[in-house]
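Shown next: work.pdb, given as PDB, C-alpha atoms.
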```
ATOM      1  CA  MET A   1     116.043  59.627 103.117
ATOM      2  CA  LYS A   2     118.292  61.005 100.397
ATOM      3  CA  ASN A   3     121.397  62.998 101.354
ATOM      4  CA  ILE A   4     121.649  66.329  99.562
ATOM      5  CA  GLU A   5     125.070  67.907  99.101
ATOM      6  CA  ILE A   6     124.993  71.710  99.285
ATOM      7  CA  LYS A   7     128.164  73.396  98.061
ATOM      8  CA  ASN A   8     127.089  77.003  98.538
ATOM      9  CA  LEU A   9     124.949  78.397 101.366
ATOM     10  CA  THR A  10     124.558  81.937  99.952
ATOM     11  CA  CYS A  11     120.968  83.209 100.418
ATOM     12  CA  MET A  12     120.090  80.364 102.792
ATOM     13  CA  PHE A  13     119.089  80.430 106.446
ATOM     14  CA  LEU A  14     120.841  78.584 109.256
ATOM     15  CA  VAL A  15     118.645  77.914 112.283
ATOM     16  CA  ALA A  16     120.285  77.018 115.590
ATOM     17  CA  VAL A  17     119.213  73.746 117.151
ATOM     18  CA  PRO A  18     117.619  74.103 120.606
ATOM     19  CA  SER A  19     120.550  72.328 122.281
ATOM     20  CA  LEU A  20     123.155  74.842 120.997
ATOM     21  CA  LYS A  21     124.579  76.663 124.031
ATOM     22  CA  ASP A  22     127.076  78.998 122.310
ATOM     23  CA  PRO A  23     126.001  82.493 123.505
ATOM     24  CA  ASN A  24     126.832  83.979 120.088
ATOM     25  CA  PHE A  25     124.437  81.715 118.202
ATOM     26  CA  GLU A  26     121.987  80.345 120.791
ATOM     27  CA  ARG A  27     118.405  80.587 119.413
ATOM     28  CA  SER A  28     119.699  82.390 116.301
ATOM     29  CA  VAL A  29     118.567  82.527 112.702
ATOM     30  CA  VAL A  30     121.435  83.465 110.373
ATOM     31  CA  LEU A  31     121.029  84.637 106.775
ATOM     32  CA  ILE A  32     124.152  83.615 104.855
ATOM     33  CA  CYS A  33     125.034  86.604 102.648
ATOM     34  CA  ASP A  34     128.168  85.176 101.046
ATOM     35  CA  HIS A  35     129.731  81.721 101.067
ATOM     36  CA  SER A  36     132.814  80.797  99.061
ATOM     37  CA  LYS A  37     136.025  78.815  99.324
ATOM     38  CA  ASP A  38     137.522  81.860 101.110
ATOM     39  CA  GLY A  39     134.957  81.899 103.910
ATOM     40  CA  ALA A  40     131.426  82.930 104.775
ATOM     41  CA  PHE A  41     129.528  86.004 105.954
ATOM     42  CA  GLY A  42     126.112  85.998 107.560
ATOM     43  CA  LEU A  43     123.781  88.202 109.562
ATOM     44  CA  ILE A  44     121.802  87.169 112.616
ATOM     45  CA  ILE A  45     118.318  88.346 111.683
ATOM     46  CA  ASN A  46     116.326  87.612 114.830
ATOM     47  CA  ARG A  47     118.151  89.833 117.340
ATOM     48  CA  ILE A  48     117.949  93.528 118.113
ATOM     49  CA  LEU A  49     121.147  95.491 117.467
ATOM     50  CA  VAL A  50     122.195  96.994 120.799
ATOM     51  CA  SER A  51     125.179  99.016 119.575
ATOM     52  CA  SER A  52     125.606 101.587 116.835
ATOM     53  CA  PHE A  53     127.925 101.479 113.830
ATOM     54  CA  VAL A  54     128.411 105.262 113.814
TER
END
```

Written form, structure tokens:
Amino acid sequence: MKNIEIKNLTCMFLVAVPSLKDPNFERSVVLICDHSKDGAFGLIINRILVSSFV
């Protein structure tokens, strides 16, 4: 199997492995909106928002 080096995750999905027990990311699918040398920003797309922004 060939190793692929990915330098930028923008517009990619991260899928939590079943063994991940972190309550923030357990069973999550995250869309990475921005990824740079300064950091990353993503949205969990498979959860219902329970609070309002307004």

For the file shown, what are the residues hit by the PyMOL selection byres ((chain A and resi 9-20) around 6), laid out as a PyMOL selection string? chain A and resi 8+21-22+26-35

Calculate how many Å separate CA of Asn46 (chain A) from CA of Lys7 (chain A), rounding to one decimal. 25.0 Å

Go ahead and compute the interatomic distance for CA of Ile4 (chain A) and CA of Gly39 (chain A), in Å to one decimal. 20.9 Å
